[in-house]
Each structure stands twice: as structure tokens, then as C-alpha cells.
file model_36.cif (mmCIF, C-alpha atoms and all ligand atoms)
data_my_file
#
loop_
_atom_site.group_PDB
_atom_site.id
_atom_site.type_symbol
_atom_site.label_atom_id
_atom_site.label_comp_id
_atom_site.auth_asym_id
_atom_site.auth_seq_id
_atom_site.Cartn_x
_atom_site.Cartn_y
_atom_site.Cartn_z
ATOM 1 C CA MET A 1 -25.470 66.728 13.522
ATOM 2 C CA THR A 2 -28.305 64.811 11.857
ATOM 3 C CA TRP A 3 -29.812 66.011 8.550
ATOM 4 C CA ASN A 4 -32.610 68.083 10.071
ATOM 5 C CA GLU A 5 -31.017 69.484 13.238
ATOM 6 C CA ALA A 6 -30.093 72.816 11.660
ATOM 7 C CA TYR A 7 -33.794 73.530 10.988
ATOM 8 C CA ILE A 8 -35.179 72.814 14.450
ATOM 9 C CA MET A 9 -35.322 75.211 17.387
ATOM 10 C CA LYS A 10 -32.322 74.505 19.612
ATOM 11 C CA ILE A 11 -32.902 73.326 23.148
ATOM 12 C CA PHE A 12 -30.657 74.566 25.930
ATOM 13 C CA ILE A 13 -31.034 73.383 29.504
ATOM 14 C CA ASP A 14 -31.375 76.183 32.061
ATOM 15 C CA THR A 15 -29.730 74.773 35.167
ATOM 16 C CA ALA A 16 -26.421 74.218 36.949
ATOM 17 C CA ASP A 17 -27.571 70.866 38.369
ATOM 18 C CA LEU A 18 -24.988 68.381 37.091
ATOM 19 C CA ASN A 19 -27.187 65.295 37.519
ATOM 20 C CA GLU A 20 -29.983 66.857 35.483
ATOM 21 C CA ILE A 21 -27.558 68.008 32.786
ATOM 22 C CA LYS A 22 -26.008 64.540 32.586
ATOM 23 C CA GLU A 23 -29.344 62.739 32.394
ATOM 24 C CA ILE A 24 -30.991 65.038 29.847
ATOM 25 C CA ALA A 25 -27.813 65.289 27.727
ATOM 26 C CA SER A 26 -27.995 61.479 27.461
ATOM 27 C CA TRP A 27 -31.350 61.795 25.641
ATOM 28 C CA GLY A 28 -29.513 63.356 22.675
ATOM 29 C CA ILE A 29 -31.639 66.487 22.405
ATOM 30 C CA LEU A 30 -29.485 69.129 24.123
ATOM 31 C CA ASP A 31 -27.797 71.943 22.193
ATOM 32 C CA GLY A 32 -26.376 73.964 25.083
ATOM 33 C CA VAL A 33 -26.562 75.033 28.714
ATOM 34 C CA THR A 34 -27.358 78.344 30.395
ATOM 35 C CA THR A 35 -26.551 79.119 34.013
ATOM 36 C CA ASN A 36 -26.934 82.149 36.226
ATOM 37 C CA PRO A 37 -25.819 83.000 39.807
ATOM 38 C CA THR A 38 -29.189 81.892 41.255
ATOM 39 C CA LEU A 39 -28.995 78.491 39.536
ATOM 40 C CA VAL A 40 -25.405 77.971 40.721
ATOM 41 C CA ALA A 41 -26.360 78.930 44.305
ATOM 42 C CA LYS A 42 -29.210 76.365 44.241
ATOM 43 C CA THR A 43 -26.727 73.499 43.713
ATOM 44 C CA GLY A 44 -24.833 74.213 46.961
ATOM 45 C CA LYS A 45 -21.583 73.533 45.044
ATOM 46 C CA SER A 46 -18.729 75.919 44.280
ATOM 47 C CA PHE A 47 -18.678 77.676 40.911
ATOM 48 C CA ASN A 48 -15.289 76.151 40.005
ATOM 49 C CA GLU A 49 -16.504 72.643 40.727
ATOM 50 C CA ILE A 50 -19.534 73.165 38.494
ATOM 51 C CA ILE A 51 -17.619 74.747 35.619
ATOM 52 C CA ASP A 52 -15.163 71.846 35.435
ATOM 53 C CA GLU A 53 -17.969 69.289 35.226
ATOM 54 C CA ILE A 54 -20.443 71.056 32.927
ATOM 55 C CA PHE A 55 -17.936 71.457 30.110
ATOM 56 C CA LYS A 56 -17.080 67.767 30.301
ATOM 57 C CA LEU A 57 -20.752 66.777 30.132
ATOM 58 C CA VAL A 58 -21.887 68.951 27.207
ATOM 59 C CA ASP A 59 -19.782 69.828 24.164
ATOM 60 C CA GLU A 60 -22.043 72.734 23.176
ATOM 61 C CA PRO A 61 -22.316 76.468 24.026
ATOM 62 C CA ILE A 62 -22.427 77.038 27.790
ATOM 63 C CA SER A 63 -23.341 80.442 29.221
ATOM 64 C CA LEU A 64 -21.571 81.678 32.351
ATOM 65 C CA GLU A 65 -22.580 85.006 33.895
ATOM 66 C CA VAL A 66 -20.351 87.901 34.960
ATOM 67 C CA LEU A 67 -21.156 89.758 38.179
ATOM 68 C CA SER A 68 -19.183 92.974 37.599
ATOM 69 C CA GLU A 69 -21.084 96.228 37.234
ATOM 70 C CA ASN A 70 -18.902 98.284 34.923
ATOM 71 C CA ALA A 71 -17.779 97.486 31.386
ATOM 72 C CA GLU A 72 -14.075 97.322 32.088
ATOM 73 C CA ASP A 73 -14.528 94.838 34.939
ATOM 74 C CA MET A 74 -17.061 92.804 32.935
ATOM 75 C CA VAL A 75 -14.520 92.383 30.124
ATOM 76 C CA LYS A 76 -11.817 91.437 32.624
ATOM 77 C CA GLU A 77 -14.118 88.949 34.370
ATOM 78 C CA ALA A 78 -15.196 87.479 31.009
ATOM 79 C CA LYS A 79 -11.574 86.787 30.078
ATOM 80 C CA GLU A 80 -10.938 85.228 33.488
ATOM 81 C CA LEU A 81 -13.967 82.970 33.002
ATOM 82 C CA VAL A 82 -12.667 81.796 29.631
ATOM 83 C CA LYS A 83 -9.292 80.979 31.222
ATOM 84 C CA LYS A 84 -10.959 78.997 34.038
ATOM 85 C CA VAL A 85 -12.191 76.470 31.477
ATOM 86 C CA GLN A 86 -9.853 73.776 30.116
ATOM 87 C CA GLU A 87 -8.376 74.929 26.819
ATOM 88 C CA LYS A 88 -10.102 72.245 24.728
ATOM 89 C CA TYR A 89 -13.532 73.451 25.943
ATOM 90 C CA GLN A 90 -12.930 77.210 25.655
ATOM 91 C CA LYS A 91 -14.644 77.254 22.228
ATOM 92 C CA ASN A 92 -17.922 76.580 24.079
ATOM 93 C CA VAL A 93 -17.737 79.463 26.559
ATOM 94 C CA VAL A 94 -20.441 82.118 26.199
ATOM 95 C CA ILE A 95 -20.326 85.097 28.543
ATOM 96 C CA LYS A 96 -23.628 86.274 29.976
ATOM 97 C CA ILE A 97 -23.689 90.057 30.257
ATOM 98 C CA PRO A 98 -26.517 92.069 31.855
ATOM 99 C CA MET A 99 -28.564 94.408 29.637
ATOM 100 C CA ASN A 100 -27.564 97.963 30.548
ATOM 101 C CA SER A 101 -25.278 100.627 29.087
ATOM 102 C CA GLU A 102 -22.175 99.155 30.754
ATOM 103 C CA GLY A 103 -23.182 95.746 29.444
ATOM 104 C CA LEU A 104 -23.483 97.107 25.889
ATOM 105 C CA LYS A 105 -19.975 98.577 26.077
ATOM 106 C CA ALA A 106 -18.623 95.253 27.318
ATOM 107 C CA VAL A 107 -20.414 93.308 24.562
ATOM 108 C CA LYS A 108 -18.954 95.591 21.898
ATOM 109 C CA LYS A 109 -15.445 95.074 23.250
ATOM 110 C CA LEU A 110 -15.853 91.299 23.673
ATOM 111 C CA SER A 111 -17.336 90.842 20.201
ATOM 112 C CA LYS A 112 -14.295 92.605 18.700
ATOM 113 C CA GLU A 113 -12.139 90.112 20.582
ATOM 114 C CA LYS A 114 -14.266 87.213 19.280
ATOM 115 C CA ILE A 115 -15.571 86.282 22.730
ATOM 116 C CA ARG A 116 -19.179 85.154 22.439
ATOM 117 C CA THR A 117 -21.812 86.851 24.572
ATOM 118 C CA ASN A 118 -25.360 86.257 25.734
ATOM 119 C CA VAL A 119 -27.091 89.472 26.808
ATOM 120 C CA THR A 120 -29.376 88.602 29.675
ATOM 121 C CA LEU A 121 -32.253 90.235 31.574
ATOM 122 C CA ILE A 122 -33.898 91.488 28.367
ATOM 123 C CA PHE A 123 -37.486 92.654 28.826
ATOM 124 C CA SER A 124 -38.196 94.668 25.659
ATOM 125 C CA ALA A 125 -37.614 94.569 21.907
ATOM 126 C CA ASN A 126 -35.635 97.826 22.151
ATOM 127 C CA GLN A 127 -33.191 96.209 24.553
ATOM 128 C CA ALA A 128 -32.864 93.277 22.146
ATOM 129 C CA LEU A 129 -32.199 95.621 19.227
ATOM 130 C CA LEU A 130 -29.461 97.480 21.127
ATOM 131 C CA ALA A 131 -27.811 94.264 22.315
ATOM 132 C CA ALA A 132 -27.768 92.961 18.723
ATOM 133 C CA LYS A 133 -26.260 96.250 17.481
ATOM 134 C CA ALA A 134 -23.515 95.987 20.106
ATOM 135 C CA GLY A 135 -22.607 92.584 18.644
ATOM 136 C CA ALA A 136 -24.240 90.074 21.007
ATOM 137 C CA THR A 137 -24.013 86.459 19.866
ATOM 138 C CA TYR A 138 -27.225 85.661 21.765
ATOM 139 C CA ILE A 139 -29.929 87.633 23.558
ATOM 140 C CA SER A 140 -32.104 86.248 26.358
ATOM 141 C CA PRO A 141 -35.553 87.809 26.813
ATOM 142 C CA PHE A 142 -37.117 86.624 30.102
ATOM 143 C CA ILE A 143 -40.706 85.858 29.202
ATOM 144 C CA GLY A 144 -41.857 84.180 32.447
ATOM 145 C CA ARG A 145 -40.902 87.212 34.514
ATOM 146 C CA LEU A 146 -42.940 89.443 32.167
ATOM 147 C CA ASP A 147 -45.941 87.104 32.521
ATOM 148 C CA ASP A 148 -45.460 87.353 36.317
ATOM 149 C CA ILE A 149 -46.077 91.112 36.238
ATOM 150 C CA GLY A 150 -49.128 90.825 33.994
ATOM 151 C CA GLN A 151 -47.431 91.500 30.636
ATOM 152 C CA ASP A 152 -47.527 89.035 27.744
ATOM 153 C CA GLY A 153 -43.932 87.770 27.605
ATOM 154 C CA MET A 154 -44.436 86.077 24.241
ATOM 155 C CA GLN A 155 -45.389 89.430 22.717
ATOM 156 C CA ILE A 156 -41.778 90.614 22.850
ATOM 157 C CA ILE A 157 -40.599 87.365 21.250
ATOM 158 C CA GLU A 158 -42.934 88.114 18.355
ATOM 159 C CA GLU A 159 -41.569 91.657 18.081
ATOM 160 C CA ILE A 160 -37.932 90.575 18.265
ATOM 161 C CA THR A 161 -38.303 87.786 15.678
ATOM 162 C CA GLU A 162 -39.955 90.285 13.306
ATOM 163 C CA ILE A 163 -37.216 92.906 13.786
ATOM 164 C CA PHE A 164 -34.378 90.397 13.479
ATOM 165 C CA TYR A 165 -35.987 88.986 10.328
ATOM 166 C CA ASN A 166 -36.416 92.486 8.790
ATOM 167 C CA TYR A 167 -32.720 93.255 9.118
ATOM 168 C CA ASP A 168 -31.343 89.739 8.773
ATOM 169 C CA ILE A 169 -29.763 90.096 12.240
ATOM 170 C CA LYS A 170 -27.459 87.188 13.040
ATOM 171 C CA THR A 171 -27.775 87.452 16.846
ATOM 172 C CA GLU A 172 -29.616 84.339 18.065
ATOM 173 C CA LEU A 173 -32.722 84.707 20.180
ATOM 174 C CA ILE A 174 -32.878 82.528 23.303
ATOM 175 C CA VAL A 175 -36.346 82.429 24.848
ATOM 176 C CA ALA A 176 -35.575 82.352 28.592
ATOM 177 C CA SER A 177 -37.430 82.256 31.907
ATOM 178 C CA ILE A 178 -39.621 79.467 30.523
ATOM 179 C CA ARG A 179 -42.122 78.190 33.091
ATOM 180 C CA HIS A 180 -44.141 75.497 31.289
ATOM 181 C CA PRO A 181 -44.325 73.436 28.063
ATOM 182 C CA ILE A 182 -46.760 75.827 26.339
ATOM 183 C CA HIS A 183 -44.036 78.501 26.434
ATOM 184 C CA VAL A 184 -41.828 76.125 24.424
ATOM 185 C CA ILE A 185 -44.524 75.497 21.811
ATOM 186 C CA ASP A 186 -45.159 79.235 21.490
ATOM 187 C CA ALA A 187 -41.420 79.922 21.114
ATOM 188 C CA ALA A 188 -41.151 77.325 18.318
ATOM 189 C CA ARG A 189 -44.272 78.628 16.554
ATOM 190 C CA LEU A 190 -42.711 82.085 16.479
ATOM 191 C CA GLY A 191 -39.492 80.657 15.027
ATOM 192 C CA ALA A 192 -37.213 81.455 17.988
ATOM 193 C CA ASP A 193 -33.670 80.160 17.466
ATOM 194 C CA ILE A 194 -33.375 78.640 20.940
ATOM 195 C CA ALA A 195 -35.431 77.945 24.070
ATOM 196 C CA THR A 196 -33.535 77.555 27.331
ATOM 197 C CA ILE A 197 -35.651 75.308 29.480
ATOM 198 C CA PRO A 198 -35.500 74.212 33.138
ATOM 199 C CA PRO A 199 -35.100 70.413 33.521
ATOM 200 C CA GLU A 200 -38.536 69.978 35.119
ATOM 201 C CA VAL A 201 -40.170 71.544 32.042
ATOM 202 C CA ILE A 202 -38.101 69.394 29.635
ATOM 203 C CA ARG A 203 -39.337 66.335 31.562
ATOM 204 C CA LYS A 204 -42.956 67.517 31.187
ATOM 205 C CA MET A 205 -42.424 67.926 27.418
ATOM 206 C CA VAL A 206 -41.603 64.219 27.118
ATOM 207 C CA LYS A 207 -44.651 62.969 28.983
ATOM 208 C CA HIS A 208 -48.268 62.461 27.998
ATOM 209 C CA SER A 209 -50.728 60.448 30.072
ATOM 210 C CA LEU A 210 -52.115 58.797 26.910
ATOM 211 C CA THR A 211 -48.607 57.628 25.973
ATOM 212 C CA ASP A 212 -48.230 55.957 29.397
ATOM 213 C CA LYS A 213 -51.719 54.473 29.210
ATOM 214 C CA GLY A 214 -51.160 53.210 25.668
ATOM 215 C CA MET A 215 -47.867 51.589 26.650
ATOM 216 C CA GLN A 216 -49.506 49.863 29.633
ATOM 217 C CA SER A 217 -52.230 48.350 27.476
ATOM 218 C CA PHE A 218 -49.742 47.222 24.774
ATOM 219 C CA LEU A 219 -47.661 45.486 27.440
ATOM 220 C CA SER A 220 -50.641 43.771 29.084
ATOM 221 C CA ASP A 221 -52.131 42.732 25.707
ATOM 222 C CA TRP A 222 -48.775 41.283 24.658
ATOM 223 C CA LYS A 223 -48.953 38.943 27.650
ATOM 224 C CA LYS A 224 -52.205 37.520 26.163
ATOM 225 C CA VAL A 225 -50.531 36.661 22.842
ATOM 226 C CA LYS A 226 -49.879 32.915 22.444
ATOM 227 C CA LYS A 227 -46.198 32.184 22.851
HETATM 228 O O1 LIG B 1 -32.431 81.785 31.758
HETATM 229 C C1 LIG B 1 -33.057 82.699 32.602
HETATM 230 C C2 LIG B 1 -33.752 82.038 33.699
HETATM 231 O O2 LIG B 1 -32.865 81.273 34.450
HETATM 232 C C3 LIG B 1 -34.565 82.930 34.565
HETATM 233 O O3 LIG B 1 -35.646 82.179 34.903
HETATM 234 O O4 LIG B 1 -37.513 81.394 36.244
HETATM 235 O O5 LIG B 1 -35.712 82.815 37.290
HETATM 236 O O6 LIG B 1 -37.343 83.809 35.692
HETATM 237 P P1 LIG B 1 -36.616 82.579 36.109
#

call {"tool": "encode", "arguments": {"input": "model_36.cif", "output": "C-alpha cells"}}
result
Amino acid sequence: MTWNEAYIMKIFIDTADLNEIKEIASWGILDGVTTNPTLVAKTGKSFNEIIDEIFKLVDEPISLEVLSENAEDMVKEAKELVKKVQEKYQKNVVIKIPMNSEGLKAVKKLSKEKIRTNVTLIFSANQALLAAKAGATYISPFIGRLDDIGQDGMQIIEEITEIFYNYDIKTELIVASIRHPIHVIDAARLGADIATIPPEVIRKMVKHSLTDKGMQSFLSDWKKVKK
């Protein structure tokens, strides 16, 4: 960790695409990975194949989602997921649990057993509050999906950061369902702990047309300098 990393919003990559994870991890700016069943399905690879590789590529928290619908099965599935990962990487496993009453029960149980959780599919500050009370390590409000239905997704990030600040809640807020670079700026302005960002948006964050143009003119002017 460099001197200032602890003070900057963490950047997770929201994908199961191994090539993207490898490339963007090589830039030195990644703090974790989040996956979900849709992202795994998009790769066309098996879940086991992906799990093995992701943990080798990124030595940071990696969220894997359970698919069970009741608390008991979620806890069982979470433990199976931890075991699937090589022992040396198990410290990085984070279990994604859906936000509902069964999910809350599972989070409570898992937090007592020191298994880290990321409560997903959060669409309100009340859901965030309950997930934090149950002992979630992380919560993931989906802002893009709120924007899609005509609500201001960033509004709930503002509410959650205020509530978590009021009570010094240790659960970390992951701004999820990010669709474009402005979402990332807004998340950082509100002091979110983490933004989980699709690779195509991370790539857009790097680029600016004036940077490219400036570089082109520096290179062509350098050719005019007497050698
Ligand atoms: O991390 C959550 C994210 O994967 C959901 O994004 O674009 O499907 O709403 P999206």
C-alpha cells in the first residue's frame, strides 16, 4: 500500500472476464473484484474455471454470489464457496448475499463465523441500514438500476453515507451498477468507500481526447527538434 491509498475511494472491477481483470489489475489501481451470476454467464466459462483464475490474478477481496433462497442453504453454500478456493486465497473470499429477510439471517450467521459478506441488490437506505445491523462487511446499492426506473440512484448513496457517518457504521459502502464515469465522480464526491466499476467504464475514466491530442502534438514536435 502506498502512503495515500487508505484515503482514496477503492476501485473494484465488476466483471468475471479474466482478460479484463488481468489487464486492468496490471495498471495497479484495483482493490477488488465483484462478480454476479449474470457476469459469470457472459464469459461462457464454468464457474469453477473462473474462480480458480480470479483469485490468482487479484490478491484483494473478491465477491462471489450465492444462489440459495433460504438462510440455511445460503450459509451452507457460502461455506462451500470458501472451500472451493485454494486455502491461501480464502482470506479474500467475500460472499454476496441478496437483500431480503433470509439474506439478513444468513449475514448474521456468517458474520458470527467471521465470513465476510457483501449484501447485494440494495435499492434503499433502509435496506442498507438493516444489512449493516445484521453485520454485513459490505453493502452494494445498485444506482444504475434506480436511474433506469426514473429514480435518482445517487440520492440513496447520499442518504447511506450520512447514516453510516452518524453512527460510525463500519460496513463499507460499494456503489454498484455503475454505468458511466460521472457515476464514479459522484460516488467519490459523496465519500463512498468503494465503487465497483465495469471494465468499459474504467477504460473511459483513463481517456480524454485532449490528452491524446496533446500527446500527438508533443510527439510530432519532438521530431522537429534538432538531433
Ligand atoms: O455490481 C452490480 C452490477 O453488476 C449490476 O450492474 O449494470 O447489471 O445493473 P447492472

call {"tool": "closest_residue", "arguments": {"input": "model_36.cif", "among": "A:Val206, A:Ala71, A:Leu173, A:Ile62", "to": "Ile194 in chain A", "atoms": "all atoms listed in the file"}}
result
A:Leu173

call {"tool": "axis_aligned_box", "arguments": {"input": "model_36.cif", "around": "ligand LIG 1 (chain B)", "padding_each_side": "5 Å", "output": "lines of an AutoDock Vina configuration file"}}
result
center_x = -35.0
center_y = 82.5
center_z = 34.5
size_x = 15.1
size_y = 12.5
size_z = 15.5

call {"tool": "residues_near_ligand", "arguments": {"input": "model_36.cif", "ligand": "ligand LIG 1 (chain B)", "cutoff": "10 Å", "atoms": "only C-alpha atoms and all ligand atoms", "output": "number ranges by chain"}}
result
A: 12-16, 33-39, 63, 120-122, 140-148, 174-179, 195-198

call {"tool": "residues_around", "arguments": {"input": "model_36.cif", "residues": "Ala134 in chain A", "least_positions_apart": "4", "cutoff": "8 Å", "atoms": "all atoms listed in the file", "output": "PyMOL selection string"}}
result
chain A and resi 104-105+107-108+130

call {"tool": "resolve_selection", "arguments": {"input": "model_36.cif", "expression": "the PyMOL selection byres (((chain A and resi 163) around 12) and not hetatm)", "output": "list in words"}}
result
Ala125, Asn126, Gln127, Ala128, Leu129, Leu130, Ala132, Ile156, Ile157, Glu158, Glu159, Ile160, Thr161, Glu162, Phe164, Tyr165, Asn166, Tyr167, Asp168, Ile169, Lys170, Thr171 and Leu173 of chain A

call {"tool": "atom_distance", "arguments": {"input": "model_36.cif", "atom1": "CA of Leu18 in chain A", "atom2": "CA of Glu200 in chain A"}}
result
13.8 Å

call {"tool": "atom_distance", "arguments": {"input": "model_36.cif", "atom1": "CA of Lys45 in chain A", "atom2": "CA of Glu102 in chain A"}}
result
29.3 Å

call {"tool": "resolve_selection", "arguments": {"input": "model_36.cif", "expression": "the PyMOL selection byres (((chain A and resi 69) around 10) and not hetatm)", "output": "list of chain:residue names"}}
result
A:Val66, A:Leu67, A:Ser68, A:Asn70, A:Ala71, A:Glu72, A:Asp73, A:Met74, A:Ile97, A:Pro98, A:Asn100, A:Glu102, A:Gly103

call {"tool": "build_atoms", "arguments": {"input": "model_36.cif", "residues": "range 65-76 of chain A", "atoms": "all heavy atoms", "output": "PDB file, in the frame of the given file"}}
result
ATOM      1  N   GLU A  65     -22.245  83.583  33.711  1.00  0.00           N
ATOM      2  CA  GLU A  65     -22.580  85.006  33.895  1.00  0.00           C
ATOM      3  C   GLU A  65     -21.516  85.791  34.657  1.00  0.00           C
ATOM      4  O   GLU A  65     -20.962  85.294  35.646  1.00  0.00           O
ATOM      5  CB  GLU A  65     -23.924  85.085  34.647  1.00  0.00           C
ATOM      6  CG  GLU A  65     -24.502  86.480  34.701  1.00  0.00           C
ATOM      7  CD  GLU A  65     -26.023  86.462  34.834  1.00  0.00           C
ATOM      8  OE1 GLU A  65     -26.653  85.414  34.606  1.00  0.00           O
ATOM      9  OE2 GLU A  65     -26.566  87.534  35.166  1.00  0.00           O
ATOM     10  N   VAL A  66     -21.248  87.018  34.205  1.00  0.00           N
ATOM     11  CA  VAL A  66     -20.351  87.901  34.960  1.00  0.00           C
ATOM     12  C   VAL A  66     -21.167  88.631  36.027  1.00  0.00           C
ATOM     13  O   VAL A  66     -22.369  88.819  35.887  1.00  0.00           O
ATOM     14  CB  VAL A  66     -19.628  88.944  34.061  1.00  0.00           C
ATOM     15  CG1 VAL A  66     -18.716  88.278  33.055  1.00  0.00           C
ATOM     16  CG2 VAL A  66     -20.624  89.873  33.372  1.00  0.00           C
ATOM     17  N   LEU A  67     -20.466  89.066  37.089  1.00  0.00           N
ATOM     18  CA  LEU A  67     -21.156  89.758  38.179  1.00  0.00           C
ATOM     19  C   LEU A  67     -20.692  91.209  38.319  1.00  0.00           C
ATOM     20  O   LEU A  67     -21.220  91.963  39.136  1.00  0.00           O
ATOM     21  CB  LEU A  67     -20.929  89.014  39.498  1.00  0.00           C
ATOM     22  CG  LEU A  67     -21.601  87.641  39.507  1.00  0.00           C
ATOM     23  CD1 LEU A  67     -21.063  86.768  40.610  1.00  0.00           C
ATOM     24  CD2 LEU A  67     -23.112  87.790  39.645  1.00  0.00           C
ATOM     25  N   SER A  68     -19.707  91.604  37.517  1.00  0.00           N
ATOM     26  CA  SER A  68     -19.183  92.974  37.599  1.00  0.00           C
ATOM     27  C   SER A  68     -20.241  93.966  37.133  1.00  0.00           C
ATOM     28  O   SER A  68     -21.146  93.611  36.381  1.00  0.00           O
ATOM     29  CB  SER A  68     -17.942  93.124  36.727  1.00  0.00           C
ATOM     30  OG  SER A  68     -16.996  92.172  37.094  1.00  0.00           O
ATOM     31  N   GLU A  69     -20.056  95.238  37.570  1.00  0.00           N
ATOM     32  CA  GLU A  69     -21.084  96.228  37.234  1.00  0.00           C
ATOM     33  C   GLU A  69     -20.619  97.304  36.271  1.00  0.00           C
ATOM     34  O   GLU A  69     -21.407  98.132  35.840  1.00  0.00           O
ATOM     35  CB  GLU A  69     -21.639  96.833  38.518  1.00  0.00           C
ATOM     36  CG  GLU A  69     -22.394  95.763  39.307  1.00  0.00           C
ATOM     37  CD  GLU A  69     -23.059  96.307  40.542  1.00  0.00           C
ATOM     38  OE1 GLU A  69     -23.888  97.212  40.417  1.00  0.00           O
ATOM     39  OE2 GLU A  69     -22.699  95.829  41.646  1.00  0.00           O
ATOM     40  N   ASN A  70     -19.318  97.332  35.967  1.00  0.00           N
ATOM     41  CA  ASN A  70     -18.902  98.284  34.923  1.00  0.00           C
ATOM     42  C   ASN A  70     -18.213  97.529  33.790  1.00  0.00           C
ATOM     43  O   ASN A  70     -17.711  96.407  33.978  1.00  0.00           O
ATOM     44  CB  ASN A  70     -18.029  99.413  35.489  1.00  0.00           C
ATOM     45  CG  ASN A  70     -16.691  98.894  35.959  1.00  0.00           C
ATOM     46  OD1 ASN A  70     -15.868  98.465  35.153  1.00  0.00           O
ATOM     47  ND2 ASN A  70     -16.486  98.914  37.261  1.00  0.00           N
ATOM     48  N   ALA A  71     -18.200  98.176  32.610  1.00  0.00           N
ATOM     49  CA  ALA A  71     -17.779  97.486  31.386  1.00  0.00           C
ATOM     50  C   ALA A  71     -16.364  96.928  31.495  1.00  0.00           C
ATOM     51  O   ALA A  71     -16.121  95.773  31.121  1.00  0.00           O
ATOM     52  CB  ALA A  71     -17.894  98.441  30.205  1.00  0.00           C
ATOM     53  N   GLU A  72     -15.473  97.750  32.024  1.00  0.00           N
ATOM     54  CA  GLU A  72     -14.075  97.322  32.088  1.00  0.00           C
ATOM     55  C   GLU A  72     -13.939  96.042  32.915  1.00  0.00           C
ATOM     56  O   GLU A  72     -13.278  95.078  32.514  1.00  0.00           O
ATOM     57  CB  GLU A  72     -13.265  98.445  32.731  1.00  0.00           C
ATOM     58  CG  GLU A  72     -11.786  98.370  32.432  1.00  0.00           C
ATOM     59  CD  GLU A  72     -11.059  99.516  33.132  1.00  0.00           C
ATOM     60  OE1 GLU A  72     -11.592 100.653  33.117  1.00  0.00           O
ATOM     61  OE2 GLU A  72     -10.015  99.251  33.718  1.00  0.00           O
ATOM     62  N   ASP A  73     -14.608  96.030  34.078  1.00  0.00           N
ATOM     63  CA  ASP A  73     -14.528  94.838  34.939  1.00  0.00           C
ATOM     64  C   ASP A  73     -15.241  93.638  34.307  1.00  0.00           C
ATOM     65  O   ASP A  73     -14.823  92.499  34.480  1.00  0.00           O
ATOM     66  CB  ASP A  73     -15.129  95.132  36.318  1.00  0.00           C
ATOM     67  CG  ASP A  73     -14.247  96.087  37.113  1.00  0.00           C
ATOM     68  OD1 ASP A  73     -13.080  96.283  36.717  1.00  0.00           O
ATOM     69  OD2 ASP A  73     -14.739  96.652  38.112  1.00  0.00           O
ATOM     70  N   MET A  74     -16.346  93.917  33.599  1.00  0.00           N
ATOM     71  CA  MET A  74     -17.061  92.804  32.935  1.00  0.00           C
ATOM     72  C   MET A  74     -16.150  92.129  31.924  1.00  0.00           C
ATOM     73  O   MET A  74     -16.093  90.894  31.833  1.00  0.00           O
ATOM     74  CB  MET A  74     -18.311  93.322  32.197  1.00  0.00           C
ATOM     75  CG  MET A  74     -19.472  93.683  33.078  1.00  0.00           C
ATOM     76  SD  MET A  74     -20.826  94.316  32.043  1.00  0.00           S
ATOM     77  CE  MET A  74     -21.827  95.147  33.260  1.00  0.00           C
ATOM     78  N   VAL A  75     -15.415  92.936  31.147  1.00  0.00           N
ATOM     79  CA  VAL A  75     -14.520  92.383  30.124  1.00  0.00           C
ATOM     80  C   VAL A  75     -13.419  91.570  30.798  1.00  0.00           C
ATOM     81  O   VAL A  75     -13.104  90.447  30.378  1.00  0.00           O
ATOM     82  CB  VAL A  75     -13.938  93.521  29.241  1.00  0.00           C
ATOM     83  CG1 VAL A  75     -12.834  92.998  28.334  1.00  0.00           C
ATOM     84  CG2 VAL A  75     -15.049  94.166  28.422  1.00  0.00           C
ATOM     85  N   LYS A  76     -12.882  92.130  31.900  1.00  0.00           N
ATOM     86  CA  LYS A  76     -11.817  91.437  32.624  1.00  0.00           C
ATOM     87  C   LYS A  76     -12.344  90.094  33.167  1.00  0.00           C
ATOM     88  O   LYS A  76     -11.723  89.051  33.006  1.00  0.00           O
ATOM     89  CB  LYS A  76     -11.366  92.345  33.777  1.00  0.00           C
ATOM     90  CG  LYS A  76     -10.031  92.004  34.337  1.00  0.00           C
ATOM     91  CD  LYS A  76      -9.539  93.134  35.255  1.00  0.00           C
ATOM     92  CE  LYS A  76      -8.637  92.522  36.302  1.00  0.00           C
ATOM     93  NZ  LYS A  76      -9.022  92.788  37.655  1.00  0.00           N
TER      94      LYS A  76
END
